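This is protein.pdb. It holds PDB, C-alpha atoms, pLDDT in the B column.
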MODEL        1
ATOM      1  CA  ALA E 182     -32.788  12.801 -26.365  1.00 60.00           C
ATOM      2  CA  VAL E 183     -29.625  10.787 -26.903  1.00 73.00           C
ATOM      3  CA  ASP E 184     -29.973   7.158 -27.907  1.00 80.00           C
ATOM      4  CA  ASN E 185     -28.065   4.638 -25.814  1.00 81.00           C
ATOM      5  CA  PRO E 186     -25.992   2.548 -28.295  1.00 84.00           C
ATOM      6  CA  MET E 187     -26.200  -0.415 -25.891  1.00 85.00           C
ATOM      7  CA  GLY E 188     -29.974  -0.329 -25.804  1.00 86.00           C
ATOM      8  CA  PRO E 189     -32.199   0.010 -22.762  1.00 85.00           C
ATOM      9  CA  PRO E 190     -30.867  -1.127 -19.382  1.00 84.00           C
ATOM     10  CA  PRO E 191     -32.005  -4.548 -18.206  1.00 86.00           C
ATOM     11  CA  PRO E 192     -34.821  -4.589 -15.630  1.00 89.00           C
ATOM     12  CA  LYS E 193     -32.727  -6.743 -13.286  1.00 90.00           C
ATOM     13  CA  VAL E 194     -29.038  -7.547 -12.963  1.00 87.00           C
ATOM     14  CA  LYS E 195     -27.371 -10.393 -11.121  1.00 89.00           C
ATOM     15  CA  ALA E 196     -25.012  -9.326  -8.341  1.00 88.00           C
ATOM     16  CA  VAL E 197     -21.486 -10.667  -8.640  1.00 87.00           C
ATOM     17  CA  PRO E 198     -20.105 -12.647  -5.677  1.00 85.00           C
ATOM     18  CA  ARG E 199     -17.679  -9.885  -4.657  1.00 84.00           C
ATOM     19  CA  LEU E 200     -20.396  -7.226  -4.336  1.00 88.00           C
ATOM     20  CA  LEU E 201     -20.589  -7.750  -0.562  1.00 87.00           C
ATOM     21  CA  HIS E 202     -16.813  -7.237  -0.205  1.00 86.00           C
ATOM     22  CA  ASP E 203     -17.019  -4.027  -2.242  1.00 87.00           C
ATOM     23  CA  LEU E 204     -19.908  -2.725  -0.147  1.00 90.00           C
ATOM     24  CA  ASN E 205     -18.022  -3.542   3.068  1.00 88.00           C
ATOM     25  CA  ALA E 206     -15.009  -1.634   1.731  1.00 87.00           C
ATOM     26  CA  LEU E 207     -17.170   1.396   1.007  1.00 87.00           C
ATOM     27  CA  TRP E 208     -18.670   1.091   4.479  1.00 88.00           C
ATOM     28  CA  THR E 209     -15.214   1.315   6.095  1.00 85.00           C
ATOM     29  CA  PHE E 210     -14.452   4.471   4.102  1.00 82.00           C
ATOM     30  CA  PHE E 211     -17.665   6.186   5.172  1.00 81.00           C
ATOM     31  CA  GLN E 212     -17.483   5.457   8.923  1.00 84.00           C
ATOM     32  CA  VAL E 213     -16.335   8.966   9.835  1.00 81.00           C
ATOM     33  CA  ASP E 214     -18.183  11.951  11.273  1.00 84.00           C
ATOM     34  CA  THR E 215     -16.993  14.305   8.553  1.00 81.00           C
ATOM     35  CA  PRO E 216     -15.679  13.364   5.113  1.00 77.00           C
ATOM     36  CA  PRO E 217     -11.872  13.481   4.937  1.00 75.00           C
ATOM     37  CA  TRP E 218     -10.107  15.664   2.430  1.00 74.00           C
ATOM     38  CA  ARG E 219      -8.575  13.574  -0.329  1.00 72.00           C
ATOM     39  CA  TYR E 220      -5.233  14.701  -1.737  1.00 68.00           C
ATOM     40  CA  VAL E 221      -5.392  14.058  -5.476  1.00 70.00           C
ATOM     41  CA  ARG E 222      -3.127  16.531  -7.191  1.00 67.00           C
ATOM     42  CA  GLY E 223      -1.694  19.483  -5.372  1.00 60.00           C
ATOM     43  CA  LYS E 224      -0.223  22.626  -6.810  1.00 60.00           C
ATOM     44  CA  ARG E 225       2.881  22.071  -4.734  1.00 61.00           C
ATOM     45  CA  VAL E 226       4.385  19.313  -2.651  1.00 64.00           C
ATOM     46  CA  CYS E 227       5.882  20.292   0.667  1.00 76.00           C
ATOM     47  CA  VAL E 228       7.098  16.920   1.916  1.00 82.00           C
ATOM     48  CA  VAL E 229       7.965  13.705   0.103  1.00 87.00           C
ATOM     49  CA  ARG E 230       8.816  10.445   1.873  1.00 90.00           C
ATOM     50  CA  TYR E 231      10.596   7.462   0.336  1.00 93.00           C
ATOM     51  CA  GLY E 232      10.284   3.878   1.454  1.00 95.00           C
ATOM     52  CA  PHE E 233      11.144   0.376   0.353  1.00 96.00           C
ATOM     53  CA  GLY E 234       9.508  -2.871   1.375  1.00 96.00           C
ATOM     54  CA  ASP E 235      10.430  -6.487   0.689  1.00 96.00           C
ATOM     55  CA  ALA E 236       9.269  -9.857   1.899  1.00 95.00           C
ATOM     56  CA  SER E 237      10.604 -13.357   1.509  1.00 90.00           C
ATOM     57  CA  LYS E 238       9.215 -16.735   2.477  1.00 89.00           C
ATOM     58  CA  GLY E 239      10.835 -16.461   5.888  1.00 91.00           C
ATOM     59  CA  GLY E 240      10.894 -12.769   6.726  1.00 94.00           C
ATOM     60  CA  PHE E 241      10.111  -9.168   5.878  1.00 96.00           C
ATOM     61  CA  GLY E 242      11.738  -5.763   5.970  1.00 96.00           C
ATOM     62  CA  ALA E 243      10.993  -2.137   5.191  1.00 96.00           C
ATOM     63  CA  SER E 244      12.893   1.131   5.383  1.00 96.00           C
ATOM     64  CA  PHE E 245      11.806   4.775   5.254  1.00 94.00           C
ATOM     65  CA  GLU E 246      13.539   8.083   5.199  1.00 92.00           C
ATOM     66  CA  GLY E 247      11.740  10.264   7.735  1.00 86.00           C
ATOM     67  CA  THR E 248      12.121  13.288   9.951  1.00 84.00           C
ATOM     68  CA  GLN E 249      14.322  11.368  12.407  1.00 86.00           C
ATOM     69  CA  GLY E 250      16.528   9.743   9.757  1.00 89.00           C
ATOM     70  CA  ILE E 251      16.196   6.132   8.615  1.00 93.00           C
ATOM     71  CA  TRP E 252      13.341   4.125  10.129  1.00 94.00           C
ATOM     72  CA  TYR E 253      13.238   0.395   9.497  1.00 95.00           C
ATOM     73  CA  ARG E 254      11.453  -2.748  10.524  1.00 95.00           C
ATOM     74  CA  LEU E 255      12.289  -6.373  10.026  1.00 96.00           C
ATOM     75  CA  GLY E 256      10.952  -9.644  11.255  1.00 95.00           C
ATOM     76  CA  VAL E 257      10.031 -13.222  10.520  1.00 95.00           C
ATOM     77  CA  TRP E 258       6.654 -14.551   9.463  1.00 94.00           C
ATOM     78  CA  GLY E 259       4.746 -16.590  11.997  1.00 92.00           C
ATOM     79  CA  SER E 260       3.370 -20.054  11.366  1.00 88.00           C
ATOM     80  CA  ASP E 261      -0.045 -18.479  10.684  1.00 88.00           C
ATOM     81  CA  SER E 262       1.291 -17.038   7.402  1.00 84.00           C
ATOM     82  CA  SER E 263       2.942 -20.201   6.094  1.00 81.00           C
ATOM     83  CA  ASP E 264       0.062 -20.838   3.677  1.00 89.00           C
ATOM     84  CA  ASP E 265      -0.080 -17.238   2.442  1.00 92.00           C
ATOM     85  CA  SER E 266       1.115 -16.449  -1.076  1.00 94.00           C
ATOM     86  CA  SER E 267       4.277 -14.464  -1.714  1.00 94.00           C
ATOM     87  CA  ASN E 268       2.070 -11.722  -3.207  1.00 96.00           C
ATOM     88  CA  PHE E 269       0.121 -11.493   0.042  1.00 96.00           C
ATOM     89  CA  ARG E 270       3.296 -11.383   2.143  1.00 96.00           C
ATOM     90  CA  GLU E 271       4.781  -8.621  -0.035  1.00 96.00           C
ATOM     91  CA  LEU E 272       1.690  -6.400   0.079  1.00 97.00           C
ATOM     92  CA  CYS E 273       1.012  -7.140   3.754  1.00 97.00           C
ATOM     93  CA  ASN E 274       4.530  -6.023   4.645  1.00 97.00           C
ATOM     94  CA  LEU E 275       4.071  -2.778   2.704  1.00 97.00           C
ATOM     95  CA  VAL E 276       0.697  -2.114   4.327  1.00 97.00           C
ATOM     96  CA  GLU E 277       1.938  -2.785   7.869  1.00 97.00           C
ATOM     97  CA  ALA E 278       5.047  -0.641   7.354  1.00 97.00           C
ATOM     98  CA  LEU E 279       2.991   2.240   5.961  1.00 97.00           C
ATOM     99  CA  GLU E 280       0.435   1.906   8.762  1.00 98.00           C
ATOM    100  CA  ALA E 281       3.249   2.098  11.332  1.00 96.00           C
ATOM    101  CA  GLN E 282       4.521   5.266   9.656  1.00 95.00           C
ATOM    102  CA  GLY E 283       0.974   6.627   9.629  1.00 95.00           C
ATOM    103  CA  GLN E 284       0.501   5.960  13.333  1.00 96.00           C
ATOM    104  CA  SER E 285       3.736   7.817  14.105  1.00 94.00           C
ATOM    105  CA  GLY E 286       2.524  10.884  12.182  1.00 92.00           C
ATOM    106  CA  GLU E 287       5.193  10.616   9.475  1.00 92.00           C
ATOM    107  CA  LEU E 288       2.592  10.373   6.694  1.00 92.00           C
ATOM    108  CA  ASN E 289       0.359  13.293   7.652  1.00 90.00           C
ATOM    109  CA  GLY E 290      -0.143  15.361   4.498  1.00 87.00           C
ATOM    110  CA  VAL E 291       2.877  13.992   2.642  1.00 89.00           C
ATOM    111  CA  GLU E 292       3.413  12.310  -0.688  1.00 90.00           C
ATOM    112  CA  VAL E 293       4.883   8.818  -0.242  1.00 93.00           C
ATOM    113  CA  PHE E 294       6.856   6.912  -2.853  1.00 95.00           C
ATOM    114  CA  MET E 295       6.933   3.288  -1.717  1.00 96.00           C
ATOM    115  CA  PHE E 296       9.053   0.894  -3.765  1.00 96.00           C
ATOM    116  CA  THR E 297       8.528  -2.859  -4.079  1.00 96.00           C
ATOM    117  CA  ASP E 298       9.834  -5.631  -6.289  1.00 96.00           C
ATOM    118  CA  ASN E 299       6.372  -7.205  -6.490  1.00 96.00           C
ATOM    119  CA  GLN E 300       4.323  -6.337  -9.578  1.00 96.00           C
ATOM    120  CA  VAL E 301       1.140  -7.893  -8.183  1.00 96.00           C
ATOM    121  CA  ALA E 302       1.235  -5.561  -5.167  1.00 96.00           C
ATOM    122  CA  GLU E 303       1.741  -2.546  -7.436  1.00 96.00           C
ATOM    123  CA  GLY E 304      -1.023  -3.674  -9.794  1.00 96.00           C
ATOM    124  CA  ALA E 305      -3.571  -4.376  -7.064  1.00 95.00           C
ATOM    125  CA  PHE E 306      -2.947  -0.966  -5.504  1.00 96.00           C
ATOM    126  CA  TYR E 307      -3.326   0.998  -8.741  1.00 94.00           C
ATOM    127  CA  LYS E 308      -6.240  -1.077  -9.959  1.00 94.00           C
ATOM    128  CA  GLY E 309      -7.849  -0.491  -6.564  1.00 90.00           C
ATOM    129  CA  THR E 310      -8.954  -4.078  -6.247  1.00 90.00           C
ATOM    130  CA  SER E 311      -7.971  -7.723  -6.512  1.00 91.00           C
ATOM    131  CA  SER E 312      -9.922 -10.895  -7.143  1.00 90.00           C
ATOM    132  CA  ASN E 313      -8.012 -12.327  -4.164  1.00 93.00           C
ATOM    133  CA  LYS E 314      -9.990 -11.392  -1.037  1.00 92.00           C
ATOM    134  CA  LYS E 315      -6.898 -11.044   1.182  1.00 94.00           C
ATOM    135  CA  LEU E 316      -5.141  -8.749  -1.311  1.00 96.00           C
ATOM    136  CA  PHE E 317      -8.335  -6.716  -1.719  1.00 95.00           C
ATOM    137  CA  GLU E 318      -8.519  -6.187   2.052  1.00 95.00           C
ATOM    138  CA  LEU E 319      -4.921  -4.941   2.044  1.00 97.00           C
ATOM    139  CA  VAL E 320      -5.689  -2.474  -0.756  1.00 96.00           C
ATOM    140  CA  VAL E 321      -8.656  -1.188   1.271  1.00 95.00           C
ATOM    141  CA  ARG E 322      -6.349  -0.674   4.263  1.00 96.00           C
ATOM    142  CA  LEU E 323      -3.966   1.406   2.124  1.00 96.00           C
ATOM    143  CA  ARG E 324      -6.783   3.574   0.779  1.00 93.00           C
ATOM    144  CA  LYS E 325      -8.122   4.017   4.303  1.00 93.00           C
ATOM    145  CA  LEU E 326      -4.636   5.073   5.425  1.00 94.00           C
ATOM    146  CA  GLU E 327      -4.573   7.705   2.681  1.00 92.00           C
ATOM    147  CA  PHE E 328      -7.929   9.049   3.879  1.00 89.00           C
ATOM    148  CA  HIS E 329      -6.947   9.207   7.546  1.00 88.00           C
ATOM    149  CA  THR E 330      -3.478  10.695   7.132  1.00 90.00           C
ATOM    150  CA  GLY E 331      -4.111  12.903   4.114  1.00 88.00           C
ATOM    151  CA  CYS E 332      -1.154  11.328   2.352  1.00 90.00           C
ATOM    152  CA  LEU E 333      -0.844  10.328  -1.287  1.00 91.00           C
ATOM    153  CA  ILE E 334       0.754   6.911  -1.783  1.00 94.00           C
ATOM    154  CA  HIS E 335       2.583   5.863  -4.929  1.00 95.00           C
ATOM    155  CA  LEU E 336       3.412   2.146  -4.968  1.00 96.00           C
ATOM    156  CA  ILE E 337       6.146   1.619  -7.549  1.00 96.00           C
ATOM    157  CA  HIS E 338       7.691  -1.584  -8.877  1.00 96.00           C
ATOM    158  CA  VAL E 339      11.491  -1.678  -9.070  1.00 96.00           C
ATOM    159  CA  ALA E 340      13.882  -4.453 -10.023  1.00 95.00           C
ATOM    160  CA  GLY E 341      15.006  -6.904  -7.367  1.00 92.00           C
ATOM    161  CA  THR E 342      18.588  -5.793  -7.989  1.00 93.00           C
ATOM    162  CA  ARG E 343      17.530  -2.279  -6.919  1.00 94.00           C
ATOM    163  CA  MET E 344      16.079  -3.695  -3.702  1.00 94.00           C
ATOM    164  CA  ILE E 345      19.375  -5.475  -3.031  1.00 93.00           C
ATOM    165  CA  ALA E 346      21.472  -2.349  -3.650  1.00 94.00           C
ATOM    166  CA  GLN E 347      19.147  -0.202  -1.509  1.00 95.00           C
ATOM    167  CA  GLY E 348      19.402  -2.664   1.408  1.00 93.00           C
ATOM    168  CA  THR E 349      15.771  -3.583   2.134  1.00 94.00           C
ATOM    169  CA  ASP E 350      16.213  -6.978   0.494  1.00 94.00           C
ATOM    170  CA  GLY E 351      18.777  -7.682   3.212  1.00 93.00           C
ATOM    171  CA  LEU E 352      16.351  -6.540   5.916  1.00 93.00           C
ATOM    172  CA  SER E 353      13.860  -9.196   4.784  1.00 93.00           C
ATOM    173  CA  ARG E 354      16.580 -11.743   5.574  1.00 91.00           C
ATOM    174  CA  GLY E 355      17.605 -10.137   8.871  1.00 92.00           C
ATOM    175  CA  ASP E 356      20.710  -8.394   7.510  1.00 92.00           C
ATOM    176  CA  THR E 357      21.122  -4.826   8.776  1.00 92.00           C
ATOM    177  CA  GLY E 358      24.475  -4.192   7.100  1.00 92.00           C
ATOM    178  CA  GLU E 359      23.557  -3.478   3.480  1.00 92.00           C
ATOM    179  CA  GLY E 360      22.686  -0.352   1.487  1.00 92.00           C
ATOM    180  CA  VAL E 361      20.855   2.328   3.415  1.00 92.00           C
ATOM    181  CA  MET E 362      21.475   0.455   6.654  1.00 91.00           C
ATOM    182  CA  LYS E 363      25.215   1.032   6.324  1.00 91.00           C
ATOM    183  CA  GLY E 364      24.864   4.727   5.528  1.00 90.00           C
ATOM    184  CA  GLN E 365      24.203   4.835   1.783  1.00 90.00           C
ATOM    185  CA  THR E 366      21.517   7.188   0.496  1.00 88.00           C
ATOM    186  CA  MET E 367      17.906   5.984   0.359  1.00 86.00           C
ATOM    187  CA  LEU E 368      17.636   6.317  -3.414  1.00 80.00           C
TER
ENDMDL
END
Mind turning this structure into structure tokens?
Amino acid sequence: AVDNPMGPPPPKVKAVPRLLHDLNALWTFFQVDTPPWRYVRGKRVCVVRYGFGDASKGGFGASFEGTQGIWYRLGVWGSDSSDDSSNFRELCNLVEALEAQGQSGELNGVEVFMFTDNQVAEGAFYKGTSSNKKLFELVVRLRKLEFHTGCLIHLIHVAGTRMIAQGTDGLSRGDTGEGVMKGQTML
């Protein structure tokens, strides 16, 4: 027998407050008739998609390179999001843009490189959680999207100057005449 260096386990443990949120997240993942295949590391990649997402206090924008060329979305935040943090707005924009791409079939079985200038969004995604309930729910939505579309998402932080040059920073301010929007390459 191997001795446990930490000693015997305690007879009881106290549940942390977020346990219910974690269990609800697991519940959403397991509400399918058959378990989905999870793309972890393939031997080859057939299709890669690139996207950028940015949000500001007033608006949001995202752009993707897809089968039909450049797809983009832009808009303004409603009054219901005026109290939301900038971190929430950034990640929410990324999630909604990716979900729209997923619904159109563009993410089925592909590897997606999504770029953001928000380190909190990147960190929450890779950590798989956040102490902020709203950010945690957005991370769960991204993981659920991966399960349902069979895609593999990489959320990557880039400098704000890169977002400006690429053009998605302009989209978040309603400007459709910068970077990729005026014909420059996505990357």
- Message: For this structure, which residues satisfy the selection - the PyMOL selection byres ((chain E and resi 335-349) around 9) - when it is evaluated on the file as given? I want them as a PyMOL selection string.
- Response: chain E and resi 233-235+241-244+253+292-300+302-304+306-307+333-334+350-354+356-363+365-368
- Between E:Cys227, E:Ile251, E:Leu279, E:Leu323, smallest distance to Gly309 (chain E) by all atoms listed in the file belongs to E:Leu323
- Message: Considering all atoms listed in the file, can you say which of E:Val197, E:Val291, E:Val229, E:Leu316 comes closest to Glu246 (chain E)?
- Response: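 Closest to Glu246 (chain E) of all the choices is E:Val229.
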- Task: For the structure shown, which residues end up in the PyMOL selection byres ((chain E and resi 199) around 12)? Put them as an NGL selection string, please?
- Result: :E and (195-198 or 200-206 or 310-314 or 317-318)
- Task: Take CA of Lys238 (chain E) and CA of Trp258 (chain E) and report the distance between them in Å, one decimal.
- Result: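 Between CA of Lys238 (chain E) and CA of Trp258 (chain E) the gap is 7.8 Å.
Using all atoms listed in the file, the shortest contact distance between His329 (chain E) and any of E:Ser266, E:Asn185, E:Thr215, E:Asn274 is found at E:Thr215.
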- Query: Do you know which residues lie at most 9 Å from (11.5, 15.8, 7.3), with coordinates as in the file and all atoms listed in the file counted, and could you write them as JSON, numbers by chain?
  - Reply: {"E": [228, 229, 230, 246, 247, 248, 249, 250, 287]}
- Point-to-point distance from CA of Asn268 (chain E) to CA of Gly256 (chain E), Å rounded to tenths: 17.1 Å
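For the atom pair formed by CA of Ala278 (chain E) and CA of Val320 (chain E), the distance is 13.6 Å, given to one decimal.
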- Item | Residue nearest Leu319 (chain E) - candidates E:Val194, E:Val213, E:Leu275, E:Leu288, atoms counted: all atoms listed in the file |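 The closest residue to Leu319 (chain E) is E:Leu275.
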- Message: To test your reading of the syntax: which residues would the PyMOL selection byres ((chain E and resi 216-219) around 10) return for the file shown? Reply as a VMD selection string.
- Response: chain E and resid 210 to 215 220 to 222 290 327 to 333
Since the input is missing atoms for region 310-330 of chain E, could you rebuild it with N, CA, C and O atoms and give the result as an mmCIF file, in the coordinates of the input?
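out_39.cif written:
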data_model
loop_
_atom_site.group_PDB
_atom_site.id
_atom_site.type_symbol
_atom_site.label_atom_id
_atom_site.label_comp_id
_atom_site.auth_asym_id
_atom_site.auth_seq_id
_atom_site.Cartn_x
_atom_site.Cartn_y
_atom_site.Cartn_z
ATOM 1 N N THR E 310 -8.238 -2.863 -6.599
ATOM 2 C CA THR E 310 -8.954 -4.078 -6.247
ATOM 3 C C THR E 310 -8.099 -5.298 -6.581
ATOM 4 O O THR E 310 -7.041 -5.182 -7.182
ATOM 5 N N SER E 311 -8.587 -6.448 -6.169
ATOM 6 C CA SER E 311 -7.971 -7.723 -6.512
ATOM 7 C C SER E 311 -9.041 -8.794 -6.398
ATOM 8 O O SER E 311 -9.927 -8.704 -5.537
ATOM 9 N N SER E 312 -8.969 -9.785 -7.255
ATOM 10 C CA SER E 312 -9.922 -10.895 -7.143
ATOM 11 C C SER E 312 -9.613 -11.754 -5.915
ATOM 12 O O SER E 312 -10.461 -12.493 -5.441
ATOM 13 N N ASN E 313 -8.398 -11.625 -5.387
ATOM 14 C CA ASN E 313 -8.012 -12.327 -4.164
ATOM 15 C C ASN E 313 -8.515 -11.514 -2.969
ATOM 16 O O ASN E 313 -8.133 -10.353 -2.793
ATOM 17 N N LYS E 314 -9.359 -12.113 -2.150
ATOM 18 C CA LYS E 314 -9.990 -11.392 -1.037
ATOM 19 C C LYS E 314 -8.954 -10.800 -0.073
ATOM 20 O O LYS E 314 -9.102 -9.659 0.383
ATOM 21 N N LYS E 315 -7.903 -11.544 0.234
ATOM 22 C CA LYS E 315 -6.898 -11.044 1.182
ATOM 23 C C LYS E 315 -6.141 -9.841 0.605
ATOM 24 O O LYS E 315 -5.847 -8.889 1.326
ATOM 25 N N LEU E 316 -5.817 -9.882 -0.690
ATOM 26 C CA LEU E 316 -5.141 -8.749 -1.311
ATOM 27 C C LEU E 316 -6.079 -7.544 -1.380
ATOM 28 O O LEU E 316 -5.659 -6.408 -1.150
ATOM 29 N N PHE E 317 -7.349 -7.788 -1.671
ATOM 30 C CA PHE E 317 -8.335 -6.716 -1.719
ATOM 31 C C PHE E 317 -8.422 -6.011 -0.365
ATOM 32 O O PHE E 317 -8.434 -4.783 -0.294
ATOM 33 N N GLU E 318 -8.447 -6.783 0.713
ATOM 34 C CA GLU E 318 -8.519 -6.187 2.052
ATOM 35 C C GLU E 318 -7.293 -5.331 2.355
ATOM 36 O O GLU E 318 -7.401 -4.290 3.011
ATOM 37 N N LEU E 319 -6.129 -5.742 1.848
ATOM 38 C CA LEU E 319 -4.921 -4.941 2.044
ATOM 39 C C LEU E 319 -4.987 -3.633 1.254
ATOM 40 O O LEU E 319 -4.570 -2.583 1.747
ATOM 41 N N VAL E 320 -5.520 -3.688 0.046
ATOM 42 C CA VAL E 320 -5.689 -2.474 -0.756
ATOM 43 C C VAL E 320 -6.631 -1.508 -0.040
ATOM 44 O O VAL E 320 -6.378 -0.306 0.019
ATOM 45 N N VAL E 321 -7.708 -2.023 0.525
ATOM 46 C CA VAL E 321 -8.656 -1.188 1.271
ATOM 47 C C VAL E 321 -7.942 -0.520 2.448
ATOM 48 O O VAL E 321 -8.151 0.668 2.716
ATOM 49 N N ARG E 322 -7.088 -1.259 3.135
ATOM 50 C CA ARG E 322 -6.349 -0.674 4.263
ATOM 51 C C ARG E 322 -5.449 0.475 3.800
ATOM 52 O O ARG E 322 -5.321 1.491 4.492
ATOM 53 N N LEU E 323 -4.812 0.321 2.634
ATOM 54 C CA LEU E 323 -3.966 1.406 2.124
ATOM 55 C C LEU E 323 -4.794 2.636 1.770
ATOM 56 O O LEU E 323 -4.397 3.766 2.075
ATOM 57 N N ARG E 324 -5.931 2.437 1.133
ATOM 58 C CA ARG E 324 -6.783 3.574 0.779
ATOM 59 C C ARG E 324 -7.321 4.254 2.042
ATOM 60 O O ARG E 324 -7.403 5.482 2.108
ATOM 61 N N LYS E 325 -7.651 3.469 3.027
ATOM 62 C CA LYS E 325 -8.122 4.017 4.303
ATOM 63 C C LYS E 325 -7.008 4.828 4.965
ATOM 64 O O LYS E 325 -7.253 5.909 5.521
ATOM 65 N N LEU E 326 -5.782 4.347 4.879
ATOM 66 C CA LEU E 326 -4.636 5.073 5.425
ATOM 67 C C LEU E 326 -4.476 6.423 4.727
ATOM 68 O O LEU E 326 -4.209 7.443 5.382
ATOM 69 N N GLU E 327 -4.650 6.435 3.408
ATOM 70 C CA GLU E 327 -4.573 7.705 2.681
ATOM 71 C C GLU E 327 -5.635 8.682 3.188
ATOM 72 O O GLU E 327 -5.343 9.865 3.391
ATOM 73 N N PHE E 328 -6.852 8.186 3.393
ATOM 74 C CA PHE E 328 -7.929 9.049 3.879
ATOM 75 C C PHE E 328 -7.618 9.618 5.257
ATOM 76 O O PHE E 328 -7.828 10.805 5.515
ATOM 77 N N HIS E 329 -7.132 8.788 6.153
ATOM 78 C CA HIS E 329 -6.947 9.207 7.546
ATOM 79 C C HIS E 329 -5.703 10.062 7.772
ATOM 80 O O HIS E 329 -5.670 10.836 8.719
ATOM 81 N N THR E 330 -4.695 9.905 6.939
ATOM 82 C CA THR E 330 -3.478 10.695 7.132
ATOM 83 C C THR E 330 -3.360 11.851 6.154
ATOM 84 O O THR E 330 -2.497 12.706 6.322
#
